[in-house]
file final-v7.cif (mmCIF, C-alpha atoms and all ligand atoms)
data_start
#
loop_
_atom_site.label_atom_id
_atom_site.label_comp_id
_atom_site.auth_asym_id
_atom_site.auth_seq_id
_atom_site.Cartn_x
_atom_site.Cartn_y
_atom_site.Cartn_z
CA MET A 1 3.47 -231.23 56.66
CA SER A 2 5.67 -229.82 59.40
CA PRO A 3 9.37 -230.78 59.19
CA HIS A 4 11.36 -232.98 61.52
CA TYR A 5 13.59 -230.93 63.82
CA HIS A 6 16.94 -232.32 64.92
CA PHE A 7 18.49 -230.46 67.87
CA ILE A 8 22.23 -230.31 68.54
CA ILE A 9 22.97 -229.11 72.04
CA ASN A 10 26.32 -227.75 73.20
CA PRO A 11 26.05 -228.41 76.95
CA VAL A 12 28.91 -226.07 77.89
CA ALA A 13 27.75 -223.04 75.86
CA GLY A 14 26.92 -219.94 77.90
CA SER A 15 28.19 -221.54 81.15
CA GLU A 16 25.84 -224.50 80.64
CA HIS A 17 22.90 -222.28 79.71
CA ALA A 18 22.03 -224.60 76.77
CA LYS A 19 21.97 -227.57 79.12
CA ILE A 20 19.55 -225.78 81.46
CA VAL A 21 17.31 -224.53 78.65
CA TRP A 22 17.00 -227.82 76.73
CA PRO A 23 14.60 -229.69 79.11
CA LYS A 24 12.21 -226.71 78.97
CA LEU A 25 12.22 -226.69 75.18
CA ARG A 26 11.82 -230.46 75.06
CA GLN A 27 8.70 -230.18 77.14
CA ILE A 28 7.24 -227.67 74.68
CA LEU A 29 8.06 -229.96 71.73
CA GLN A 30 6.40 -232.91 73.43
CA THR A 31 3.31 -230.94 74.43
CA ARG A 32 2.87 -229.74 70.86
CA ASN A 33 3.53 -233.17 69.32
CA ILE A 34 6.43 -231.89 67.25
CA SER A 35 8.60 -234.49 65.53
CA TYR A 36 12.12 -234.08 66.94
CA SER A 37 15.35 -235.86 67.81
CA PHE A 38 18.58 -234.63 69.40
CA ASP A 39 22.30 -235.08 69.84
CA GLU A 40 24.63 -233.62 72.42
CA SER A 41 28.05 -232.26 71.49
CA ARG A 42 30.62 -234.12 73.63
CA TYR A 43 33.86 -232.28 72.81
CA PRO A 44 35.10 -229.24 70.87
CA GLY A 45 34.65 -229.97 67.16
CA HIS A 46 31.91 -232.56 67.72
CA THR A 47 29.08 -230.28 66.49
CA GLU A 48 30.85 -230.01 63.12
CA LYS A 49 30.78 -233.80 62.74
CA LEU A 50 27.29 -234.30 64.16
CA CYS A 51 25.82 -231.66 61.90
CA ARG A 52 27.46 -232.98 58.73
CA GLN A 53 26.52 -236.59 59.46
CA TYR A 54 22.90 -235.77 60.26
CA ALA A 55 22.49 -233.58 57.17
CA LEU A 56 23.96 -236.29 54.94
CA ASN A 57 21.48 -238.86 56.26
CA HIS A 58 18.44 -236.55 56.53
CA PRO A 59 18.57 -233.86 53.84
CA GLN A 60 14.98 -232.71 54.51
CA ALA A 61 15.38 -232.12 58.26
CA VAL A 62 15.86 -228.81 60.04
CA ILE A 63 18.95 -228.86 62.29
CA VAL A 64 18.42 -226.60 65.31
CA LEU A 65 21.51 -225.53 67.27
CA LEU A 66 21.43 -224.73 70.95
CA GLY A 67 24.64 -222.93 71.80
CA GLY A 68 26.65 -219.81 71.15
CA ASP A 69 28.49 -218.38 68.18
CA GLY A 70 31.16 -221.09 68.42
CA THR A 71 28.53 -223.83 68.07
CA LEU A 72 27.08 -222.16 65.00
CA HIS A 73 30.56 -221.73 63.53
CA GLU A 74 31.15 -225.47 63.86
CA ALA A 75 27.77 -226.38 62.35
CA VAL A 76 28.29 -224.16 59.30
CA ASN A 77 31.76 -225.59 58.76
CA GLY A 78 30.33 -229.10 59.07
CA LEU A 79 27.93 -228.37 56.22
CA HIS A 80 30.24 -226.40 53.93
CA LYS A 81 33.83 -227.65 54.40
CA GLU A 82 34.90 -230.48 52.10
CA THR A 83 31.84 -230.87 49.83
CA LYS A 84 28.74 -228.79 50.52
CA VAL A 85 25.83 -230.64 52.18
CA SER A 86 22.40 -229.07 51.75
CA ALA A 87 20.52 -228.62 55.00
CA THR A 88 18.38 -226.04 56.75
CA LEU A 89 19.77 -224.65 59.99
CA ALA A 90 18.01 -222.87 62.84
CA TYR A 91 19.52 -221.39 65.96
CA ILE A 92 18.50 -220.86 69.57
CA PRO A 93 21.03 -218.53 71.21
CA CYS A 94 22.38 -219.95 74.47
CA GLY A 95 25.97 -218.67 74.40
CA SER A 96 27.66 -215.77 76.13
CA GLY A 97 28.10 -213.52 73.05
CA ASN A 98 25.30 -214.50 70.66
CA ASP A 99 26.27 -211.93 68.04
CA PHE A 100 24.86 -213.93 65.13
CA ALA A 101 21.45 -214.01 66.84
CA ARG A 102 21.56 -210.20 67.12
CA GLY A 103 22.50 -209.97 63.45
CA LEU A 104 19.39 -211.98 62.50
CA SER A 105 17.18 -210.39 65.20
CA ILE A 106 16.56 -213.82 66.75
CA PRO A 107 14.97 -213.35 70.21
CA ALA A 108 17.37 -213.79 73.14
CA ASP A 109 14.69 -215.73 75.03
CA PRO A 110 15.10 -219.41 73.96
CA VAL A 111 11.35 -220.13 74.24
CA LYS A 112 10.54 -217.19 71.93
CA ALA A 113 13.34 -218.25 69.56
CA LEU A 114 11.85 -221.76 69.41
CA ASP A 115 8.37 -220.34 68.78
CA ARG A 116 9.73 -218.34 65.86
CA ILE A 117 11.39 -221.41 64.35
CA LEU A 118 8.26 -223.52 64.68
CA ALA A 119 6.13 -220.77 63.13
CA ALA A 120 8.52 -220.02 60.23
CA LYS A 121 7.07 -221.08 56.88
CA ALA A 122 10.18 -221.40 54.74
CA PRO A 123 13.94 -221.04 55.16
CA ARG A 124 15.66 -217.86 54.02
CA LEU A 125 19.17 -217.61 52.65
CA VAL A 126 21.77 -215.79 54.74
CA ASP A 127 25.38 -214.99 53.90
CA ILE A 128 28.26 -216.87 55.41
CA GLY A 129 31.86 -215.81 54.87
CA HIS A 130 34.70 -217.99 53.63
CA TYR A 131 38.40 -217.34 54.12
CA THR A 132 41.68 -218.86 53.01
CA GLU A 133 44.77 -217.88 55.01
CA LYS A 134 48.20 -218.60 53.56
CA PHE A 135 50.48 -218.51 56.64
CA ARG A 136 48.19 -220.71 58.72
CA ASN A 137 47.48 -222.93 55.71
CA GLU A 138 43.85 -222.69 56.74
CA SER A 139 40.52 -222.39 54.99
CA ALA A 140 37.14 -222.21 56.74
CA PHE A 141 33.72 -220.59 56.89
CA PHE A 142 32.52 -217.98 59.37
CA THR A 143 29.15 -216.63 60.39
CA ASN A 144 30.18 -213.47 62.27
CA ASN A 145 33.59 -212.01 61.62
CA ILE A 146 37.34 -212.40 61.21
CA GLY A 147 39.40 -209.87 63.14
CA ILE A 148 43.07 -208.91 62.97
CA GLY A 149 44.54 -206.67 65.66
CA PHE A 150 42.64 -205.14 68.55
CA ASP A 151 39.53 -207.37 68.72
CA ALA A 152 41.67 -210.49 68.26
CA GLN A 153 44.03 -209.25 71.00
CA ILE A 154 41.01 -209.03 73.34
CA VAL A 155 39.93 -212.58 72.40
CA TYR A 156 43.48 -213.81 73.07
CA LEU A 157 43.75 -212.07 76.46
CA THR A 158 40.26 -213.24 77.47
CA ASN A 159 40.97 -216.88 76.65
CA HIS A 160 44.21 -216.80 78.63
CA SER A 161 42.80 -215.07 81.68
CA PRO A 162 41.14 -216.84 84.62
CA LEU A 163 38.67 -213.92 84.68
CA LYS A 164 36.52 -215.35 81.86
CA LYS A 165 35.98 -218.66 83.68
CA TRP A 166 35.14 -216.83 86.89
CA LEU A 167 32.70 -214.41 85.21
CA ASN A 168 31.16 -217.26 83.21
CA LYS A 169 30.21 -218.92 86.49
CA TYR A 170 27.94 -215.97 87.19
CA HIS A 171 26.68 -215.77 83.56
CA LEU A 172 28.67 -212.58 83.08
CA GLY A 173 31.08 -213.92 80.45
CA PHE A 174 30.47 -210.91 78.18
CA LEU A 175 32.01 -208.66 80.89
CA SER A 176 35.40 -210.36 80.47
CA TYR A 177 35.80 -208.59 77.09
CA ALA A 178 35.11 -205.23 78.71
CA ALA A 179 37.48 -205.96 81.59
CA LEU A 180 40.40 -206.75 79.27
CA PHE A 181 39.74 -203.84 76.92
CA PHE A 182 42.37 -201.56 78.50
CA LYS A 183 45.00 -204.28 78.70
CA ALA A 184 44.50 -204.96 74.98
CA LEU A 185 44.67 -201.24 74.25
CA LYS A 186 48.10 -201.14 75.88
CA LYS A 187 49.45 -204.31 74.28
CA GLN A 188 48.19 -203.98 70.70
CA PRO A 189 50.53 -202.06 68.37
CA THR A 190 49.40 -200.43 65.12
CA PHE A 191 50.33 -202.33 61.95
CA LYS A 192 50.55 -201.88 58.19
CA LEU A 193 47.57 -203.33 56.33
CA GLU A 194 47.08 -203.74 52.60
CA VAL A 195 43.55 -204.23 51.25
CA THR A 196 42.69 -205.39 47.73
CA SER A 197 39.05 -205.38 46.63
CA PRO A 198 37.08 -204.81 43.40
CA LYS A 199 37.29 -201.13 44.40
CA GLY A 200 41.11 -201.07 44.19
CA HIS A 201 44.17 -201.29 46.41
CA GLN A 202 44.50 -199.39 49.71
CA VAL A 203 47.28 -199.21 52.28
CA PHE A 204 46.70 -198.31 55.94
CA GLU A 205 49.96 -197.54 57.72
CA GLN A 206 48.50 -197.37 61.24
CA ALA A 207 45.75 -199.99 61.32
CA PHE A 208 44.70 -200.98 64.81
CA LEU A 209 41.48 -202.92 64.29
CA CYS A 210 40.69 -204.73 61.04
CA THR A 211 37.46 -206.71 61.10
CA THR A 212 35.71 -208.38 58.18
CA THR A 213 32.15 -208.85 59.28
CA ASN A 214 28.96 -210.48 58.03
CA HIS A 215 26.56 -208.37 60.17
CA PRO A 216 26.79 -205.34 62.49
CA TYR A 217 27.88 -206.93 65.80
CA PHE A 218 31.05 -208.15 67.46
CA GLY A 219 32.35 -208.68 71.00
CA GLY A 220 28.95 -209.62 72.46
CA GLY A 221 26.74 -206.83 71.11
CA VAL A 222 29.04 -203.97 70.12
CA ASN A 223 27.63 -202.36 66.96
CA LEU A 224 30.72 -202.15 64.79
CA MET A 225 28.97 -201.38 61.48
CA PRO A 226 25.22 -200.68 61.75
CA THR A 227 24.71 -200.78 57.97
CA ALA A 228 26.18 -204.28 57.49
CA LYS A 229 23.52 -206.70 56.21
CA ILE A 230 23.55 -210.46 56.62
CA ASN A 231 21.83 -211.18 53.30
CA ASP A 232 23.27 -208.66 50.83
CA GLY A 233 25.89 -210.98 49.29
CA LYS A 234 28.69 -208.77 50.62
CA LEU A 235 31.16 -208.65 53.48
CA ASP A 236 31.86 -205.43 55.35
CA LEU A 237 35.47 -204.56 56.11
CA VAL A 238 35.99 -202.08 58.94
CA VAL A 239 39.48 -200.71 59.51
CA ILE A 240 40.15 -198.35 62.41
CA GLU A 241 43.41 -196.47 62.47
CA LYS A 242 44.91 -195.28 65.73
CA LYS A 243 47.39 -192.44 66.02
CA ARG A 244 46.80 -191.59 69.66
CA THR A 245 44.94 -193.37 72.45
CA TRP A 246 42.39 -190.72 73.47
CA PRO A 247 40.77 -190.26 70.04
CA PHE A 248 40.49 -194.06 69.77
CA LEU A 249 38.80 -194.25 73.17
CA ARG A 250 36.36 -191.56 72.08
CA LEU A 251 35.63 -193.54 68.93
CA PHE A 252 34.99 -196.70 70.90
CA LEU A 253 32.65 -194.82 73.21
CA LEU A 254 30.70 -193.58 70.17
CA MET A 255 30.53 -197.19 68.97
CA ILE A 256 28.81 -198.42 72.11
CA LEU A 257 26.51 -195.38 72.48
CA PRO A 258 23.19 -195.13 70.63
CA GLY A 259 23.55 -193.33 67.30
CA HIS A 260 26.83 -195.11 66.49
CA PHE A 261 28.40 -191.88 65.23
CA HIS A 262 31.84 -193.54 65.10
CA ILE A 263 31.10 -194.47 61.46
CA PHE A 264 31.52 -190.79 60.49
CA SER A 265 35.08 -190.55 61.87
CA ARG A 266 37.92 -190.18 59.37
CA ARG A 267 39.80 -192.86 61.31
CA VAL A 268 37.07 -195.41 60.51
CA HIS A 269 37.29 -196.89 57.02
CA HIS A 270 34.46 -199.01 55.65
CA LEU A 271 34.31 -201.11 52.52
CA GLN A 272 31.62 -203.49 51.23
CA ALA A 273 32.59 -206.19 48.74
CA PRO A 274 31.80 -209.81 47.84
CA LYS A 275 35.56 -210.54 47.64
CA LEU A 276 38.51 -209.11 49.55
CA LYS A 277 42.19 -209.72 50.17
CA LEU A 278 44.10 -208.50 53.22
CA ALA A 279 47.85 -208.59 53.81
CA VAL A 280 49.67 -207.87 57.09
CA SER A 281 53.41 -208.58 57.19
CA SER A 282 53.86 -208.23 60.98
CA ALA A 283 52.77 -211.04 63.34
CA GLU A 284 49.32 -210.10 64.69
CA HIS A 285 46.60 -211.82 66.65
CA GLY A 286 43.65 -213.09 64.64
CA GLN A 287 40.19 -214.28 65.62
CA ALA A 288 37.56 -216.20 63.65
CA ASP A 289 34.05 -216.03 65.17
CA GLY A 290 35.68 -215.49 68.57
CA GLU A 291 38.19 -218.36 68.25
CA GLU A 292 41.94 -217.63 68.19
CA MET A 293 43.73 -217.91 64.83
CA GLY A 294 47.23 -217.65 66.28
CA THR A 295 49.79 -214.85 66.05
CA LYS A 296 51.39 -214.69 62.60
CA PRO A 297 51.42 -212.45 59.53
CA PHE A 298 48.27 -212.61 57.38
CA GLU A 299 47.58 -213.13 53.72
CA ILE A 300 43.87 -213.78 53.73
CA SER A 301 41.27 -213.93 50.96
CA PHE A 302 37.53 -213.65 51.60
CA SER A 303 34.47 -214.65 49.63
CA ILE A 304 30.77 -215.18 50.31
CA ASN A 305 28.57 -218.29 50.37
CA GLN A 306 24.98 -218.83 51.46
CA GLN A 307 23.18 -221.03 53.97
CA ALA A 308 19.43 -221.74 54.36
CA PHE A 309 18.14 -220.61 57.76
CA LEU A 310 14.78 -220.96 59.43
CA TYR A 311 14.15 -217.93 61.68
N1 LIG B 401 30.97 -231.22 75.35
C1 LIG B 401 31.82 -230.20 75.18
N2 LIG B 401 32.80 -229.99 76.08
C2 LIG B 401 33.65 -228.95 75.96
N3 LIG B 401 33.60 -228.04 74.96
C3 LIG B 401 32.64 -228.21 74.03
C4 LIG B 401 31.69 -229.28 74.09
N4 LIG B 401 30.85 -229.19 73.03
C5 LIG B 401 31.25 -228.09 72.34
N5 LIG B 401 32.30 -227.49 72.93
C6 LIG B 401 33.00 -226.24 72.58
O1 LIG B 401 32.39 -225.20 73.34
C7 LIG B 401 32.88 -223.97 72.78
C8 LIG B 401 32.02 -222.81 73.24
O2 LIG B 401 30.77 -222.87 72.65
P1 LIG B 401 30.00 -221.57 72.15
O3 LIG B 401 30.93 -220.64 71.47
O4 LIG B 401 28.83 -222.02 71.40
O5 LIG B 401 29.52 -220.93 73.53
P2 LIG B 401 29.96 -219.56 74.23
O6 LIG B 401 31.44 -219.38 74.10
O7 LIG B 401 29.36 -219.59 75.58
O8 LIG B 401 29.16 -218.49 73.37
P3 LIG B 401 29.60 -217.28 72.39
O9 LIG B 401 30.55 -217.86 71.36
O10 LIG B 401 28.33 -216.81 71.76
O11 LIG B 401 30.26 -216.27 73.27
C9 LIG B 401 32.92 -224.23 71.31
O12 LIG B 401 34.13 -223.73 70.79
C10 LIG B 401 32.83 -225.76 71.17
O13 LIG B 401 33.87 -226.27 70.37
#
call {"tool": "encode", "arguments": {"input": "final-v7.cif", "output": "structure tokens"}}
result
Amino acid sequence: MSPHYHFIINPVAGSEHAKIVWPKLRQILQTRNISYSFDESRYPGHTEKLCRQYALNHPQAVIVLLGGDGTLHEAVNGLHKETKVSATLAYIPCGSGNDFARGLSIPADPVKALDRILAAKAPRLVDIGHYTEKFRNESAFFTNNIGIGFDAQIVYLTNHSPLKKWLNKYHLGFLSYAALFFKALKKQPTFKLEVTSPKGHQVFEQAFLCTTTNHPYFGGGVNLMPTAKINDGKLDLVVIEKKRTWPFLRLFLLMILPGHFHIFSRRVHHLQAPKLKLAVSSAEHGQADGEEMGTKPFEISFSINQQAFLY
């Protein structure tokens, strides 16, 4: 028997892309006589509540999210924060970044993504990260990555610039990250980072980017760590040190070019572990799945959980 699919739509995701796509998908569901229902997220944080409530009342259903990485972040937190609620998730990328979809090779075309979900036989387990941060007194789950330093500086600048809104209007939101790259490069200082993992203790005196990631992508498709796997029970920590600006620019260029040869640079440090601790004593920007974490020092611990996904 085919499952019941409950859709949660974030109407503002991807400059209202989800809102435009939904009627098309609904038509397909009706034509194929698929059992479905839906909710619309009405404010930031609503998806978290909707997802938890639906899963509590309908443990057998598949909850399909129409939105971007932020929508998925909320849904996963809805299911895992407080007590864990068992539910199967599925995801149709309609955001501006859609890095999680890239990580799972979910088609960018919403109709194809829906087809894949409807054809999938059984859910598969994927990793989701968990963090606890002392200075923010905060604990949450993440699907993509947690960044300290350069990537978080870009998120901060993007959110506080009118450019993102303007580019979003033309469905070019991803370009806002590129546009603010050089401003972030100028503003972000290097910082001292301490890393503790099952492999030992390491100190980086000139860390510039420090990203703990669940899959290869960040910033709307930049391949930070091609070997990161979303179902290996491990998180990938990437630390990039910066001594001078030009070598860093060269590294970043290698990151966005095919081949991704940046991973061979001695300035790029990579560590895979199921548990990690990071400490930064200076006040730095942080980002969690593209959302700002505020500018403070960090004492952050990571671990891994799992979530059933239909894809
Ligand atoms: N009805 C709503 N009105 C305003 N904001 C909302 C509403 N529903 C959800 N949100 C918020 O919209 C934000 C953006 O959603 P999301 O991240 O999914 O899209 P995006 O930013 O376009 O995509 P991506 O994160 O992939 O770049 C989320 O942080 C969510 O809290």
call {"tool": "residues_near_ligand", "arguments": {"input": "final-v7.cif", "ligand": "ligand LIG 401 (chain B)", "cutoff": "9 Å", "atoms": "only C-alpha atoms and all ligand atoms", "output": "JSON list (two decimals) with C-alpha atoms, in the frame of the given file"}}
result
[["chain", "number", "residue", "atom", "x", "y", "z"],
["A", 9, "ILE", "CA", 22.97, -229.11, 72.04],
["A", 10, "ASN", "CA", 26.32, -227.75, 73.20],
["A", 11, "PRO", "CA", 26.05, -228.41, 76.95],
["A", 12, "VAL", "CA", 28.91, -226.07, 77.89],
["A", 13, "ALA", "CA", 27.75, -223.04, 75.86],
["A", 14, "GLY", "CA", 26.92, -219.94, 77.90],
["A", 15, "SER", "CA", 28.19, -221.54, 81.15],
["A", 16, "GLU", "CA", 25.84, -224.50, 80.64],
["A", 17, "HIS", "CA", 22.90, -222.28, 79.71],
["A", 18, "ALA", "CA", 22.03, -224.60, 76.77],
["A", 40, "GLU", "CA", 24.63, -233.62, 72.42],
["A", 41, "SER", "CA", 28.05, -232.26, 71.49],
["A", 42, "ARG", "CA", 30.62, -234.12, 73.63],
["A", 43, "TYR", "CA", 33.86, -232.28, 72.81],
["A", 44, "PRO", "CA", 35.10, -229.24, 70.87],
["A", 45, "GLY", "CA", 34.65, -229.97, 67.16],
["A", 46, "HIS", "CA", 31.91, -232.56, 67.72],
["A", 47, "THR", "CA", 29.08, -230.28, 66.49],
["A", 48, "GLU", "CA", 30.85, -230.01, 63.12],
["A", 66, "LEU", "CA", 21.43, -224.73, 70.95],
["A", 67, "GLY", "CA", 24.64, -222.93, 71.80],
["A", 68, "GLY", "CA", 26.65, -219.81, 71.15],
["A", 69, "ASP", "CA", 28.49, -218.38, 68.18],
["A", 70, "GLY", "CA", 31.16, -221.09, 68.42],
["A", 71, "THR", "CA", 28.53, -223.83, 68.07],
["A", 72, "LEU", "CA", 27.08, -222.16, 65.00],
["A", 73, "HIS", "CA", 30.56, -221.73, 63.53],
["A", 74, "GLU", "CA", 31.15, -225.47, 63.86],
["A", 93, "PRO", "CA", 21.03, -218.53, 71.21],
["A", 94, "CYS", "CA", 22.38, -219.95, 74.47],
["A", 95, "GLY", "CA", 25.97, -218.67, 74.40],
["A", 96, "SER", "CA", 27.66, -215.77, 76.13],
["A", 97, "GLY", "CA", 28.10, -213.52, 73.05],
["A", 98, "ASN", "CA", 25.30, -214.50, 70.66],
["A", 99, "ASP", "CA", 26.27, -211.93, 68.04],
["A", 100, "PHE", "CA", 24.86, -213.93, 65.13],
["A", 101, "ALA", "CA", 21.45, -214.01, 66.84],
["A", 168, "ASN", "CA", 31.16, -217.26, 83.21],
["A", 173, "GLY", "CA", 31.08, -213.92, 80.45],
["A", 174, "PHE", "CA", 30.47, -210.91, 78.18],
["A", 219, "GLY", "CA", 32.35, -208.68, 71.00],
["A", 220, "GLY", "CA", 28.95, -209.62, 72.46],
["A", 289, "ASP", "CA", 34.05, -216.03, 65.17],
["A", 290, "GLY", "CA", 35.68, -215.49, 68.57],
["A", 291, "GLU", "CA", 38.19, -218.36, 68.25]]
call {"tool": "closest_residue", "arguments": {"input": "final-v7.cif", "among": "A:Pro110, A:Val76, A:Arg116, A:Thr83", "to": "Pro23 (chain A)", "atoms": "only C-alpha atoms"}}
result
A:Pro110
call {"tool": "closest_residue", "arguments": {"input": "final-v7.cif", "among": "A:Ile117, A:Lys81, A:Leu237, A:Tyr91", "to": "Pro216 (chain A)", "atoms": "all atoms listed in the file"}}
result
A:Leu237
call {"tool": "residues_around", "arguments": {"input": "final-v7.cif", "residues": "region 211-213 of chain A", "least_positions_apart": "4", "cutoff": "8 Å", "atoms": "all atoms listed in the file", "output": "JSON, numbers by chain"}}
result
{"A": [144, 145, 146, 147, 148, 151, 228, 235, 236, 237, 238, 239]}
call {"tool": "closest_residue", "arguments": {"input": "final-v7.cif", "among": "A:Gln272, A:Asn137, A:Gln60, A:Gln287", "to": "Thr196 (chain A)", "atoms": "all atoms listed in the file"}}
result
A:Gln272
call {"tool": "atom_distance", "arguments": {"input": "final-v7.cif", "atom1": "CA of Ala108 (chain A)", "atom2": "CA of His270 (chain A)"}}
result
28.6 Å
call {"tool": "residues_around", "arguments": {"input": "final-v7.cif", "residues": "Pro247 (chain A)", "least_positions_apart": "4", "cutoff": "12 Å", "atoms": "only C-alpha atoms", "output": "ChimeraX atom specification"}}
result
/A:240-243,251-254,262,265-268
call {"tool": "closest_residue", "arguments": {"input": "final-v7.cif", "among": "A:Asn223, A:His130, A:Ser161, A:Ala308", "to": "Pro274 (chain A)", "atoms": "only C-alpha atoms"}}
result
A:His130
call {"tool": "closest_residue", "arguments": {"input": "final-v7.cif", "among": "A:Phe302, A:Tyr177, A:Phe182, A:Phe38", "to": "His160 (chain A)", "atoms": "all atoms listed in the file"}}
result
A:Tyr177
call {"tool": "closest_residue", "arguments": {"input": "final-v7.cif", "among": "A:Ile300, A:Val62, A:Ile128, A:Ala113", "to": "Gly233 (chain A)", "atoms": "all atoms listed in the file"}}
result
A:Ile128
call {"tool": "residues_near_point", "arguments": {"input": "final-v7.cif", "point": "(16.2, -230.0, 54.6)", "cutoff": "9 Å", "atoms": "all atoms listed in the file", "output": "PyMOL selection string"}}
result
chain A and resi 3-4+55+58-63+86-89+308
call {"tool": "decode", "arguments": {"input": "final-v7.cif", "residues": "region 185-201 of chain A", "atoms": "N, CA and C atoms", "output": "PDB file, in the first residue's frame"}}
result
ATOM      1  N   LEU A 185      36.041  38.923   2.821  1.00  0.00           N
ATOM      2  CA  LEU A 185      37.483  38.652   2.804  1.00  0.00           C
ATOM      3  C   LEU A 185      38.244  39.774   3.529  1.00  0.00           C
ATOM      4  N   LYS A 186      37.764  40.981   3.342  1.00  0.00           N
ATOM      5  CA  LYS A 186      38.407  42.148   3.954  1.00  0.00           C
ATOM      6  C   LYS A 186      38.089  42.230   5.454  1.00  0.00           C
ATOM      7  N   LYS A 187      36.857  41.907   5.797  1.00  0.00           N
ATOM      8  CA  LYS A 187      36.409  42.097   7.178  1.00  0.00           C
ATOM      9  C   LYS A 187      36.820  40.961   8.120  1.00  0.00           C
ATOM     10  N   GLN A 188      36.906  39.737   7.613  1.00  0.00           N
ATOM     11  CA  GLN A 188      37.117  38.589   8.495  1.00  0.00           C
ATOM     12  C   GLN A 188      38.590  38.471   8.920  1.00  0.00           C
ATOM     13  N   PRO A 189      38.868  38.549  10.226  1.00  0.00           N
ATOM     14  CA  PRO A 189      40.257  38.326  10.671  1.00  0.00           C
ATOM     15  C   PRO A 189      40.536  36.825  10.833  1.00  0.00           C
ATOM     16  N   THR A 190      41.797  36.459  10.942  1.00  0.00           N
ATOM     17  CA  THR A 190      42.106  35.068  11.299  1.00  0.00           C
ATOM     18  C   THR A 190      41.929  34.932  12.815  1.00  0.00           C
ATOM     19  N   PHE A 191      41.731  33.702  13.281  1.00  0.00           N
ATOM     20  CA  PHE A 191      41.485  33.494  14.717  1.00  0.00           C
ATOM     21  C   PHE A 191      42.107  32.168  15.164  1.00  0.00           C
ATOM     22  N   LYS A 192      42.309  32.078  16.484  1.00  0.00           N
ATOM     23  CA  LYS A 192      42.877  30.839  17.042  1.00  0.00           C
ATOM     24  C   LYS A 192      41.747  29.832  17.279  1.00  0.00           C
ATOM     25  N   LEU A 193      41.972  28.610  16.795  1.00  0.00           N
ATOM     26  CA  LEU A 193      40.958  27.563  16.905  1.00  0.00           C
ATOM     27  C   LEU A 193      41.577  26.321  17.545  1.00  0.00           C
ATOM     28  N   GLU A 194      40.868  25.777  18.522  1.00  0.00           N
ATOM     29  CA  GLU A 194      41.314  24.511  19.128  1.00  0.00           C
ATOM     30  C   GLU A 194      40.309  23.420  18.785  1.00  0.00           C
ATOM     31  N   VAL A 195      40.815  22.289  18.327  1.00  0.00           N
ATOM     32  CA  VAL A 195      39.950  21.180  17.908  1.00  0.00           C
ATOM     33  C   VAL A 195      40.278  19.945  18.753  1.00  0.00           C
ATOM     34  N   THR A 196      39.248  19.355  19.334  1.00  0.00           N
ATOM     35  CA  THR A 196      39.443  18.094  20.066  1.00  0.00           C
ATOM     36  C   THR A 196      38.563  17.038  19.428  1.00  0.00           C
ATOM     37  N   SER A 197      39.164  15.914  19.039  1.00  0.00           N
ATOM     38  CA  SER A 197      38.425  14.829  18.403  1.00  0.00           C
ATOM     39  C   SER A 197      39.018  13.507  18.894  1.00  0.00           C
ATOM     40  N   PRO A 198      38.399  12.361  18.537  1.00  0.00           N
ATOM     41  CA  PRO A 198      39.015  11.085  18.933  1.00  0.00           C
ATOM     42  C   PRO A 198      40.451  10.963  18.406  1.00  0.00           C
ATOM     43  N   LYS A 199      40.817  11.786  17.428  1.00  0.00           N
ATOM     44  CA  LYS A 199      42.173  11.708  16.875  1.00  0.00           C
ATOM     45  C   LYS A 199      43.178  12.576  17.646  1.00  0.00           C
ATOM     46  N   GLY A 200      42.709  13.325  18.648  1.00  0.00           N
ATOM     47  CA  GLY A 200      43.634  14.127  19.453  1.00  0.00           C
ATOM     48  C   GLY A 200      43.246  15.594  19.516  1.00  0.00           C
ATOM     49  N   HIS A 201      44.224  16.409  19.933  1.00  0.00           N
ATOM     50  CA  HIS A 201      43.984  17.836  20.120  1.00  0.00           C
ATOM     51  C   HIS A 201      44.857  18.615  19.126  1.00  0.00           C
TER      52      HIS A 201
END
